[in-house]
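File shown: work_11.tsv. Contents: TSV, C-alpha atoms and all ligand atoms.
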```tsv
chain	number	residue	atom	x	y	z
A	1	MET	CA	0.00	0.00	0.00
A	2	THR	CA	1.29	3.45	-0.85
A	3	GLN	CA	1.94	5.32	2.31
A	4	LEU	CA	2.05	9.05	2.75
A	5	LYS	CA	4.72	10.34	5.10
A	6	ILE	CA	3.93	13.31	7.33
A	7	ALA	CA	6.61	15.35	9.13
A	8	ILE	CA	5.56	16.51	12.61
A	9	GLN	CA	7.49	18.54	15.17
A	10	ASN	CA	9.03	16.06	17.61
A	11	LYS	CA	8.47	18.20	20.68
A	12	GLY	CA	7.67	21.81	21.32
A	13	ARG	CA	4.62	23.93	20.79
A	14	LEU	CA	3.22	22.25	17.67
A	15	TYR	CA	3.46	18.64	18.75
A	16	GLU	CA	0.38	18.26	20.95
A	17	ASP	CA	-2.05	20.11	18.68
A	18	SER	CA	-0.70	18.33	15.57
A	19	MET	CA	-1.20	14.91	17.13
A	20	GLU	CA	-4.61	15.90	18.48
A	21	LEU	CA	-5.81	17.02	15.04
A	22	ILE	CA	-4.60	13.77	13.48
A	23	LYS	CA	-6.32	11.78	16.20
A	24	GLU	CA	-9.58	13.67	15.74
A	25	ALA	CA	-9.32	12.88	12.04
A	26	GLY	CA	-9.63	9.26	13.14
A	27	ILE	CA	-5.98	8.31	12.60
A	28	ASN	CA	-4.27	6.37	15.36
A	29	PHE	CA	-0.57	6.04	16.02
A	30	SER	CA	0.59	3.89	18.88
A	31	LEU	CA	3.42	5.95	20.26
A	32	GLY	CA	5.39	4.57	23.12
A	33	GLY	CA	8.39	6.75	23.72
A	34	ARG	CA	10.19	9.14	21.46
A	35	GLU	CA	10.17	7.30	18.15
A	36	LEU	CA	11.52	9.01	15.03
A	37	LEU	CA	9.08	7.18	12.81
A	38	ALA	CA	5.64	5.70	13.44
A	39	THR	CA	3.05	3.98	11.24
A	40	ALA	CA	-0.66	4.68	11.63
A	41	LYS	CA	-2.77	1.66	12.46
A	42	ASN	CA	-5.82	2.58	10.38
A	43	TYR	CA	-4.69	5.01	7.67
A	44	PRO	CA	-1.92	4.84	5.02
A	45	LEU	CA	0.18	7.38	6.89
A	46	ASP	CA	3.66	7.31	8.43
A	47	ALA	CA	4.79	10.04	10.79
A	48	LEU	CA	8.34	11.35	10.90
A	49	PHE	CA	9.22	13.40	13.98
A	50	LEU	CA	11.62	16.30	13.41
A	51	ARG	CA	12.64	19.76	14.59
A	52	ASP	CA	10.29	22.31	13.09
A	53	ASP	CA	13.16	24.11	11.32
A	54	ASP	CA	13.83	20.96	9.27
A	55	ILE	CA	10.24	20.32	8.19
A	56	PRO	CA	9.99	22.62	5.11
A	57	GLN	CA	13.13	21.20	3.52
A	58	THR	CA	12.22	17.61	4.38
A	59	VAL	CA	8.90	18.08	2.57
A	60	ALA	CA	10.45	19.96	-0.37
A	61	ASP	CA	13.03	17.17	-0.82
A	62	GLY	CA	10.34	14.50	-0.69
A	63	VAL	CA	11.84	12.78	2.37
A	64	ALA	CA	8.40	13.48	3.83
A	65	ASP	CA	5.41	14.11	1.52
A	66	ILE	CA	3.50	16.46	3.80
A	67	GLY	CA	4.16	18.21	7.10
A	68	ILE	CA	2.70	20.34	9.86
A	69	VAL	CA	4.74	23.44	10.65
A	70	GLY	CA	4.46	27.09	11.59
A	71	GLU	CA	3.87	29.36	8.61
A	72	ASN	CA	6.80	31.44	9.91
A	73	GLU	CA	9.17	28.54	9.13
A	74	VAL	CA	7.66	28.12	5.65
A	75	LEU	CA	8.15	31.83	4.89
A	76	GLU	CA	11.67	31.84	6.30
A	77	LYS	CA	12.94	28.72	4.55
A	78	LYS	CA	11.46	29.58	1.12
A	79	GLU	CA	11.41	25.91	0.15
A	80	ASN	CA	9.27	24.67	-2.71
A	81	VAL	CA	6.21	23.45	-0.81
A	82	LEU	CA	2.48	24.01	-1.16
A	83	VAL	CA	0.23	25.06	1.71
A	84	ALA	CA	-2.54	22.44	1.60
A	85	LYS	CA	-4.46	23.79	4.58
A	86	ARG	CA	-4.24	26.45	7.27
A	87	LEU	CA	-4.77	24.73	10.58
A	88	GLY	CA	-5.79	27.56	12.88
A	89	PHE	CA	-3.66	26.65	15.91
A	90	SER	CA	-0.30	28.01	17.18
A	91	LYS	CA	-1.37	31.47	16.10
A	92	CYS	CA	1.24	34.15	16.60
A	93	ARG	CA	2.83	37.04	14.71
A	94	LEU	CA	6.31	38.09	13.66
A	95	SER	CA	6.90	41.60	14.88
A	96	LEU	CA	9.52	44.27	15.26
A	97	ALA	CA	10.03	45.51	18.81
A	98	ILE	CA	12.16	48.28	20.25
A	99	PRO	CA	13.11	49.42	23.76
A	100	LYS	CA	10.03	50.68	25.58
A	101	SER	CA	11.64	54.03	26.37
A	102	ASP	CA	12.43	54.87	22.73
A	103	GLU	CA	10.27	57.18	20.65
A	104	TYR	CA	8.97	55.46	17.53
A	105	PRO	CA	8.71	57.79	14.55
A	106	GLY	CA	7.81	55.00	12.08
A	107	LEU	CA	9.87	52.57	10.03
A	108	SER	CA	12.67	55.09	9.52
A	109	TYR	CA	13.58	54.29	13.14
A	110	PHE	CA	15.28	51.13	11.87
A	111	ASN	CA	17.66	52.85	9.42
A	112	GLY	CA	21.20	52.12	10.58
A	113	LYS	CA	19.96	50.06	13.52
A	114	LYS	CA	21.05	46.56	14.50
A	115	ILE	CA	18.13	44.10	14.69
A	116	ALA	CA	18.46	40.68	16.35
A	117	THR	CA	16.35	37.85	14.94
A	118	SER	CA	16.08	34.15	14.12
A	119	TYR	CA	14.13	35.07	10.96
A	120	PRO	CA	16.64	36.96	8.79
A	121	VAL	CA	15.00	36.11	5.44
A	122	ILE	CA	11.53	37.39	6.36
A	123	LEU	CA	13.05	40.46	8.00
A	124	GLN	CA	15.31	41.28	5.05
A	125	ASP	CA	12.36	40.99	2.64
A	126	PHE	CA	10.35	43.36	4.81
A	127	LEU	CA	13.18	45.90	5.14
A	128	ASP	CA	13.89	45.78	1.38
A	129	LYS	CA	10.21	46.32	0.62
A	130	HIS	CA	10.24	49.47	2.73
A	131	ASP	CA	13.69	50.59	1.63
A	132	ILE	CA	15.15	50.46	5.14
A	133	LYS	CA	18.86	49.75	5.58
A	134	ALA	CA	19.45	47.95	8.86
A	135	ASP	CA	22.00	45.48	10.13
A	136	ILE	CA	20.52	42.03	10.81
A	137	HIS	CA	22.13	40.07	13.61
A	138	VAL	CA	21.11	36.38	13.59
A	139	ILE	CA	20.72	34.65	16.93
A	140	THR	CA	18.85	31.42	17.51
A	141	GLY	CA	17.56	31.59	21.07
A	142	SER	CA	16.39	34.28	23.52
A	143	VAL	CA	16.30	37.03	20.93
A	144	GLU	CA	14.36	39.24	23.33
A	145	ILE	CA	17.33	39.74	25.65
A	146	ALA	CA	19.57	41.15	22.87
A	147	PRO	CA	18.72	44.86	23.33
A	148	GLY	CA	19.05	44.63	27.11
A	149	ILE	CA	22.61	43.30	26.89
A	150	GLY	CA	23.66	45.70	24.17
A	151	LEU	CA	23.76	43.09	21.39
A	152	ALA	CA	21.20	44.87	19.24
A	153	ASP	CA	18.99	47.98	19.13
A	154	ALA	CA	15.78	46.15	18.30
A	155	ILE	CA	14.41	42.66	17.72
A	156	PHE	CA	12.29	40.86	15.17
A	157	ASP	CA	10.65	37.83	16.79
A	158	ILE	CA	7.53	35.78	17.36
A	159	VAL	CA	4.98	37.45	19.62
A	160	SER	CA	1.96	35.74	21.06
A	161	SER	CA	0.59	37.28	24.28
A	162	GLY	CA	3.26	40.00	24.27
A	163	SER	CA	4.35	39.26	27.84
A	164	THR	CA	7.91	38.31	26.83
A	165	LEU	CA	8.30	41.77	25.30
A	166	VAL	CA	6.90	43.48	28.38
A	167	SER	CA	9.19	41.61	30.74
A	168	ASN	CA	12.16	42.62	28.61
A	169	ARG	CA	11.12	46.28	28.49
A	170	LEU	CA	10.37	46.16	24.80
A	171	LYS	CA	7.36	47.36	22.80
A	172	GLU	CA	5.92	45.93	19.60
A	173	VAL	CA	5.95	48.59	16.89
A	174	GLU	CA	5.35	46.73	13.61
A	175	VAL	CA	3.52	43.47	12.91
A	176	VAL	CA	5.28	42.08	9.84
A	177	THR	CA	3.30	38.89	9.33
A	178	PRO	CA	0.75	36.75	11.17
A	179	SER	CA	1.45	33.03	11.43
A	180	GLU	CA	-0.36	29.83	12.31
A	181	ALA	CA	0.28	26.12	11.88
A	182	VAL	CA	-0.13	24.99	8.27
A	183	LEU	CA	-0.29	21.65	6.51
A	184	ILE	CA	2.30	21.73	3.73
A	185	ALA	CA	2.80	19.32	0.84
A	186	ASN	CA	5.45	18.40	-1.66
A	187	PRO	CA	4.30	19.81	-5.04
A	188	ASN	CA	5.03	16.53	-6.87
A	189	LEU	CA	2.81	14.02	-5.11
A	190	ASN	CA	1.47	11.21	-7.29
A	191	ASP	CA	-2.26	10.68	-7.71
A	192	THR	CA	-2.52	8.07	-4.97
A	193	GLN	CA	-0.66	10.30	-2.54
A	194	LYS	CA	-2.84	13.26	-3.49
A	195	ALA	CA	-5.95	11.18	-2.79
A	196	ILE	CA	-4.64	10.25	0.68
A	197	LEU	CA	-3.84	13.93	1.35
A	198	ASN	CA	-7.27	15.10	0.14
A	199	GLU	CA	-9.01	12.61	2.41
A	200	LEU	CA	-6.89	13.85	5.33
A	201	VAL	CA	-7.74	17.50	4.56
A	202	PHE	CA	-11.42	16.59	4.26
A	203	ARG	CA	-11.36	14.94	7.68
A	204	MET	CA	-9.51	17.88	9.25
A	205	GLU	CA	-12.07	20.29	7.81
A	206	SER	CA	-14.92	18.23	9.23
A	207	VAL	CA	-13.30	18.33	12.66
A	208	GLN	CA	-12.62	22.07	12.51
A	209	ARG	CA	-16.08	22.91	11.26
A	210	ALA	CA	-17.54	21.29	14.36
A	211	GLU	CA	-15.29	23.28	16.70
A	212	GLY	CA	-17.25	25.80	18.74
A	213	LYS	CA	-20.54	24.38	17.43
A	214	LYS	CA	-23.31	22.78	19.48
A	215	TYR	CA	-26.35	20.77	18.53
A	216	ILE	CA	-29.52	22.10	20.11
A	217	LEU	CA	-32.81	20.25	20.58
A	218	LEU	CA	-35.91	21.79	22.10
A	219	ASN	CA	-39.66	21.39	22.34
A	220	ALA	CA	-42.02	24.11	21.18
A	221	PRO	CA	-45.73	24.64	20.85
A	222	ASN	CA	-46.67	24.49	17.16
A	223	ASN	CA	-47.82	28.12	17.08
A	224	LYS	CA	-44.27	29.22	18.12
A	225	ILE	CA	-42.34	27.23	15.50
A	226	ASP	CA	-41.86	30.15	13.11
A	227	GLU	CA	-40.74	32.53	15.83
A	228	ILE	CA	-38.30	29.99	17.30
A	229	SER	CA	-36.96	28.96	13.88
A	230	ALA	CA	-36.17	32.60	13.16
A	231	ILE	CA	-34.02	32.80	16.31
A	232	LEU	CA	-31.96	29.73	15.35
A	233	PRO	CA	-29.18	30.68	12.94
A	234	GLY	CA	-28.43	27.08	11.81
A	235	MET	CA	-26.78	26.14	8.53
A	236	LYS	CA	-30.14	25.39	6.97
A	237	SER	CA	-33.65	25.80	8.27
A	238	PRO	CA	-34.01	23.77	11.48
A	239	THR	CA	-35.41	20.25	11.57
A	240	VAL	CA	-38.98	20.24	12.94
A	241	THR	CA	-40.66	16.97	13.91
A	242	PRO	CA	-44.03	16.51	15.61
A	243	LEU	CA	-44.06	15.18	19.17
A	244	ALA	CA	-46.48	12.53	20.37
A	245	GLU	CA	-48.14	15.22	22.46
A	246	GLU	CA	-50.73	17.04	20.39
A	247	GLY	CA	-49.79	20.61	19.35
A	248	TRP	CA	-46.07	20.28	20.17
A	249	SER	CA	-42.97	19.78	18.01
A	250	SER	CA	-39.29	19.07	18.52
A	251	ILE	CA	-36.88	21.51	16.83
A	252	HIS	CA	-33.21	20.66	16.14
A	253	SER	CA	-30.44	22.96	14.91
A	254	VAL	CA	-26.75	23.87	15.14
A	255	ILE	CA	-25.56	26.98	16.97
A	256	SER	CA	-22.15	28.50	17.75
A	257	GLU	CA	-20.87	28.50	21.25
A	258	ASN	CA	-20.22	32.24	21.27
A	259	GLU	CA	-23.85	33.15	20.58
A	260	PHE	CA	-25.11	30.38	22.81
A	261	TRP	CA	-26.36	32.26	25.90
A	262	GLU	CA	-27.98	35.01	23.91
A	263	ILE	CA	-29.89	32.49	21.83
A	264	ILE	CA	-30.96	30.38	24.80
A	265	GLY	CA	-32.48	33.45	26.46
A	266	LYS	CA	-34.44	34.33	23.34
A	267	LEU	CA	-35.63	30.75	22.90
A	268	LYS	CA	-36.95	30.56	26.45
A	269	ASN	CA	-38.76	33.85	26.02
A	270	ALA	CA	-40.32	32.55	22.83
A	271	GLY	CA	-41.75	29.55	24.69
A	272	ALA	CA	-39.17	26.83	24.06
A	273	GLN	CA	-39.03	24.05	26.64
A	274	GLY	CA	-36.83	21.04	27.40
A	275	ILE	CA	-33.80	22.63	25.74
A	276	LEU	CA	-30.92	20.17	25.25
A	277	VAL	CA	-27.49	21.25	24.03
A	278	VAL	CA	-25.02	18.55	23.00
A	279	PRO	CA	-21.46	18.64	21.60
A	280	ILE	CA	-20.76	17.94	17.93
A	281	GLU	CA	-17.71	15.89	17.04
A	282	LYS	CA	-17.62	16.27	13.28
A	283	MET	CA	-19.62	18.06	10.61
A	284	ILE	CA	-19.67	16.59	7.11
A	285	PHE	CA	-21.08	18.51	4.16
B	1	LIG	O1	13.05	22.35	18.72
B	1	LIG	P1	12.34	23.00	17.58
B	1	LIG	O2	13.26	23.74	16.64
B	1	LIG	O3	11.43	22.03	16.89
B	1	LIG	O4	11.33	24.06	18.25
B	1	LIG	P2	11.42	25.66	18.34
B	1	LIG	O5	11.95	25.99	19.68
B	1	LIG	O6	12.05	26.25	17.14
B	1	LIG	O7	9.88	26.04	18.22
B	1	LIG	P3	8.70	26.12	19.30
B	1	LIG	O8	8.28	24.74	19.68
B	1	LIG	O9	9.02	27.09	20.38
B	1	LIG	O10	7.58	26.80	18.38
B	1	LIG	C1	7.07	26.16	17.27
B	1	LIG	C2	6.16	27.11	16.51
B	1	LIG	O11	5.09	27.55	17.36
B	1	LIG	C3	6.77	28.40	16.06
B	1	LIG	O12	7.54	28.25	14.88
B	1	LIG	C4	5.54	29.27	15.83
B	1	LIG	O13	5.00	29.00	14.56
B	1	LIG	C5	4.57	28.77	16.89
B	1	LIG	N1	4.41	29.69	18.04
B	1	LIG	C6	3.21	30.15	18.50
B	1	LIG	C7	5.35	30.21	18.83
B	1	LIG	C8	4.71	31.02	19.79
B	1	LIG	N2	3.37	30.95	19.55
B	1	LIG	C9	5.51	31.72	20.78
B	1	LIG	N3	4.93	32.43	21.61
B	1	LIG	N4	6.71	30.09	18.84
B	1	LIG	C10	7.43	30.72	19.77
B	1	LIG	N5	6.90	31.54	20.72
B	1	LIG	C11	7.88	32.19	21.68
B	1	LIG	C12	8.59	33.40	21.04
B	1	LIG	O14	9.76	32.99	20.39
B	1	LIG	C13	8.89	34.30	22.24
B	1	LIG	O15	10.08	33.91	22.87
B	1	LIG	O16	7.25	32.70	22.82
B	1	LIG	C14	7.73	33.99	23.14
B	1	LIG	C15	6.67	35.03	22.96
B	1	LIG	O17	5.48	34.65	23.56
B	1	LIG	P4	4.58	35.72	24.33
B	1	LIG	O18	3.33	34.99	24.63
B	1	LIG	O19	5.33	36.11	25.57
B	1	LIG	O20	4.38	36.90	23.41
B	2	ZN	ZN	12.80	25.42	15.63
```
Is it possible to express this structure as structure tokens?
Amino acid sequence: MTQLKIAIQNKGRLYEDSMELIKEAGINFSLGGRELLATAKNYPLDALFLRDDDIPQTVADGVADIGIVGENEVLEKKENVLVAKRLGFSKCRLSLAIPKSDEYPGLSYFNGKKIATSYPVILQDFLDKHDIKADIHVITGSVEIAPGIGLADAIFDIVSSGSTLVSNRLKEVEVVTPSEAVLIANPNLNDTQKAILNELVFRMESVQRAEGKKYILLNAPNNKIDEISAILPGMKSPTVTPLAEEGWSSIHSVISENEFWEIIGKLKNAGAQGILVVPIEKMIF
């Protein structure tokens, strides 16, 4: 059987969410310890566990066929890979930050300045685009301490909550690019491999579509069905089935978690009873 090989970060921030997404897509790996390679039990997929920095090249070279990695690494490495799907986790941004006490007059601030970063390619592209001449100083870890110890004037690094910047007396002045985990693919997959990838993407989409969604069931007097249906924002018109009790129906629909309480209140006011809200695992269209 043709297998597809997926590169996954072996530890670090992407590992848990990557494995969780694969698991929710119904693919099981039996992982004991820290294997480098694992074979799925119920899907034609092998997993190769690597450092995230190595994933774009591994996929471009065809050592792995697909991979899950931060978009920031894809942009930095400029390898020949396709983004098959944006995965929506590990969201962050690549930003320029300067000492908190400095005035920031705009991008011209960076002319003649020394900027520490682990992302020299993305930074150089950005500076070139804006015609700024700065000196890029590449360091691999703890970029945020560089200004404090006199190694650089500013930094270009990943920001998530911003607390690392605050604790190093820095302020974010330019967001250069947002980033999130992406599923990348070698551009030369054969048809069988493409079919395995498409099925994987389809499953991931079904999982993600269900995220934050709830299935709602309630009972309503028949004369309130129109009013209650109008409150429910479901994908299609809600399902309405008669109850054994004369004059009553059961209404089913899908709602988002973030509008949940507002909708429940309106439904109760409109006369809904016996409201049940249950989780949705997957949504297939
Ligand atoms: O060992 P390996 O090379 O595989 O791992 P790594 O150390 O290079 O990467 P890792 O595991 O730290 O991050 C993997 C990916 O997660 C990154 O490439 C990003 O795509 C994504 N990601 C999401 C982040 C963050 N959020 C993040 N906050 N990567 C790093 N950070 C760091 C950042 O470098 C800074 O030091 O967290 C700090 C900032 O966080 P806040 O919350 O204080 O702003
Ligand atoms: Zn890394």
Could you pull out the residues sitting within 9 Å of ligand ZN 2 (chain B), using only C-alpha atoms and all ligand atoms, and write them as a list in words?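 Listed by chain and ascending number, the contacts are Gln9, Gly12, Arg51, Asp52, Asp53, Asp54, Glu73 and Thr140 of chain A.
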Exercise for review: Do a neighbour search on Thr241 (chain A) at 7 Å with only C-alpha atoms, toss out local chain neighbours closer than 2 positions, and write the hits as a list in words.
Suggested key: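 These residues fall inside the cut-off: Thr239, Leu243, Ser249, Ser250 and Ile251 of chain A.
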| request: Report as a PyMOL selection string which protein, DNA and RNA residues come within 7 Å of ligand LIG 1 (chain B), using only C-alpha atoms and all ligand atoms. | output: chain A and resi 9-14+50-53+69-73+90-92+142+144+157-165+179-181
Near Tyr43 (chain A), within 9 Å and counting only C-alpha atoms, which residues show up once chain neighbours fewer than 6 positions away are dropped, as a PyMOL selection string? chain A and resi 3+26-28+196
With distances taken over all atoms listed in the file, the candidate from A:Trp261, A:Asn223, A:Ile216, A:Asn168 nearest Pro279 (chain A) is A:Ile216
Nearest to Arg209 (chain A), restricted to all atoms listed in the file and choosing among A:Leu170, A:Ile255, A:Ile264, A:Ala270, comes out as A:Ile255
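When only C-alpha atoms are used to compute distances to Met283 (chain A), the closest of the residues A:Ala230, A:Met204, A:Val63, A:Leu87 turns out to be A:Met204.
Considering all atoms listed in the file, the residue among A:Met19, A:Val240, A:Ile284, A:Val81 positioned nearest to Gln208 (chain A) is A:Ile284.
Distances from A:Leu75, A:Ala185, A:Ile231, A:Ala134 to Glu262 (chain A) were compared using all atoms listed in the file, and the smallest one belongs to A:Ile231.
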His252 (chain A) surroundings by only C-alpha atoms, 12 Å radius, close-in-sequence under 6 positions cut, as number ranges by chain:
A: 214-220, 225, 228-229, 232-242, 272, 274-278
Given only C-alpha atoms as the basis, pick out the residue of A:Leu127, A:Ala38, A:Ile66, A:Ala84 nearest to Ser108 (chain A).
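Of A:Leu127, A:Ala38, A:Ile66, A:Ala84, the one nearest Ser108 (chain A) is A:Leu127, counting only C-alpha atoms.
Using all atoms listed in the file, the residues found no farther than 12 Å from Asn190 (chain A), other than those of its own chain fewer than 6 positions away, are Thr2, Gln3, Leu4, Gly62, Asp65, Ile196 and Leu197 of chain A.
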6 Å per side around region 64-79 of chain A: axis-aligned box centre and edge lengths, as AutoDock Vina command-line options:
```
--center_x 7.8 --center_y 22.7 --center_z 5.9 --size_x 22.2 --size_y 30.4 --size_z 23.4
```
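You will find CA of Val59 (chain A) at 12.2 Å from CA of Ala47 (chain A).
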For CA of Gly148 (chain A) and CA of Ala97 (chain A), the interatomic separation in Å (one decimal) =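 About the pair CA of Gly148 (chain A) and CA of Ala97 (chain A): they are 12.3 Å apart.
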Assuming the input is short of atoms at region 214-227 of chain A, produce N, CA and C atoms for that part as a PDB file, in the frame of the given file.
```pdb
ATOM      1  N   LYS A 214     -22.508  23.654  18.617  1.00  0.00           N
ATOM      2  CA  LYS A 214     -23.310  22.780  19.480  1.00  0.00           C
ATOM      3  C   LYS A 214     -24.584  22.391  18.746  1.00  0.00           C
ATOM      4  N   TYR A 215     -25.072  21.219  19.084  1.00  0.00           N
ATOM      5  CA  TYR A 215     -26.350  20.770  18.530  1.00  0.00           C
ATOM      6  C   TYR A 215     -27.420  21.064  19.562  1.00  0.00           C
ATOM      7  N   ILE A 216     -28.490  21.708  19.144  1.00  0.00           N
ATOM      8  CA  ILE A 216     -29.520  22.100  20.110  1.00  0.00           C
ATOM      9  C   ILE A 216     -30.851  21.425  19.747  1.00  0.00           C
ATOM     10  N   LEU A 217     -31.499  20.881  20.764  1.00  0.00           N
ATOM     11  CA  LEU A 217     -32.810  20.250  20.580  1.00  0.00           C
ATOM     12  C   LEU A 217     -33.754  20.891  21.589  1.00  0.00           C
ATOM     13  N   LEU A 218     -34.952  21.195  21.157  1.00  0.00           N
ATOM     14  CA  LEU A 218     -35.910  21.790  22.100  1.00  0.00           C
ATOM     15  C   LEU A 218     -37.339  21.438  21.685  1.00  0.00           C
ATOM     16  N   ASN A 219     -38.240  21.608  22.625  1.00  0.00           N
ATOM     17  CA  ASN A 219     -39.660  21.390  22.340  1.00  0.00           C
ATOM     18  C   ASN A 219     -40.369  22.731  22.264  1.00  0.00           C
ATOM     19  N   ALA A 220     -41.319  22.836  21.344  1.00  0.00           N
ATOM     20  CA  ALA A 220     -42.020  24.110  21.180  1.00  0.00           C
ATOM     21  C   ALA A 220     -43.485  23.867  20.816  1.00  0.00           C
ATOM     22  N   PRO A 221     -44.341  24.738  21.299  1.00  0.00           N
ATOM     23  CA  PRO A 221     -45.730  24.640  20.850  1.00  0.00           C
ATOM     24  C   PRO A 221     -45.787  24.971  19.348  1.00  0.00           C
ATOM     25  N   ASN A 222     -46.646  24.319  18.622  1.00  0.00           N
ATOM     26  CA  ASN A 222     -46.670  24.490  17.160  1.00  0.00           C
ATOM     27  C   ASN A 222     -46.855  25.939  16.712  1.00  0.00           C
ATOM     28  N   ASN A 223     -47.587  26.724  17.503  1.00  0.00           N
ATOM     29  CA  ASN A 223     -47.820  28.120  17.080  1.00  0.00           C
ATOM     30  C   ASN A 223     -46.578  29.008  17.294  1.00  0.00           C
ATOM     31  N   LYS A 224     -45.506  28.444  17.895  1.00  0.00           N
ATOM     32  CA  LYS A 224     -44.270  29.220  18.120  1.00  0.00           C
ATOM     33  C   LYS A 224     -43.140  28.784  17.179  1.00  0.00           C
ATOM     34  N   ILE A 225     -43.410  27.792  16.333  1.00  0.00           N
ATOM     35  CA  ILE A 225     -42.340  27.230  15.500  1.00  0.00           C
ATOM     36  C   ILE A 225     -41.667  28.299  14.631  1.00  0.00           C
ATOM     37  N   ASP A 226     -42.448  29.145  14.003  1.00  0.00           N
ATOM     38  CA  ASP A 226     -41.860  30.150  13.110  1.00  0.00           C
ATOM     39  C   ASP A 226     -40.976  31.123  13.881  1.00  0.00           C
ATOM     40  N   GLU A 227     -41.501  31.579  15.012  1.00  0.00           N
ATOM     41  CA  GLU A 227     -40.740  32.530  15.830  1.00  0.00           C
ATOM     42  C   GLU A 227     -39.422  31.916  16.307  1.00  0.00           C
TER      43      GLU A 227
END
```
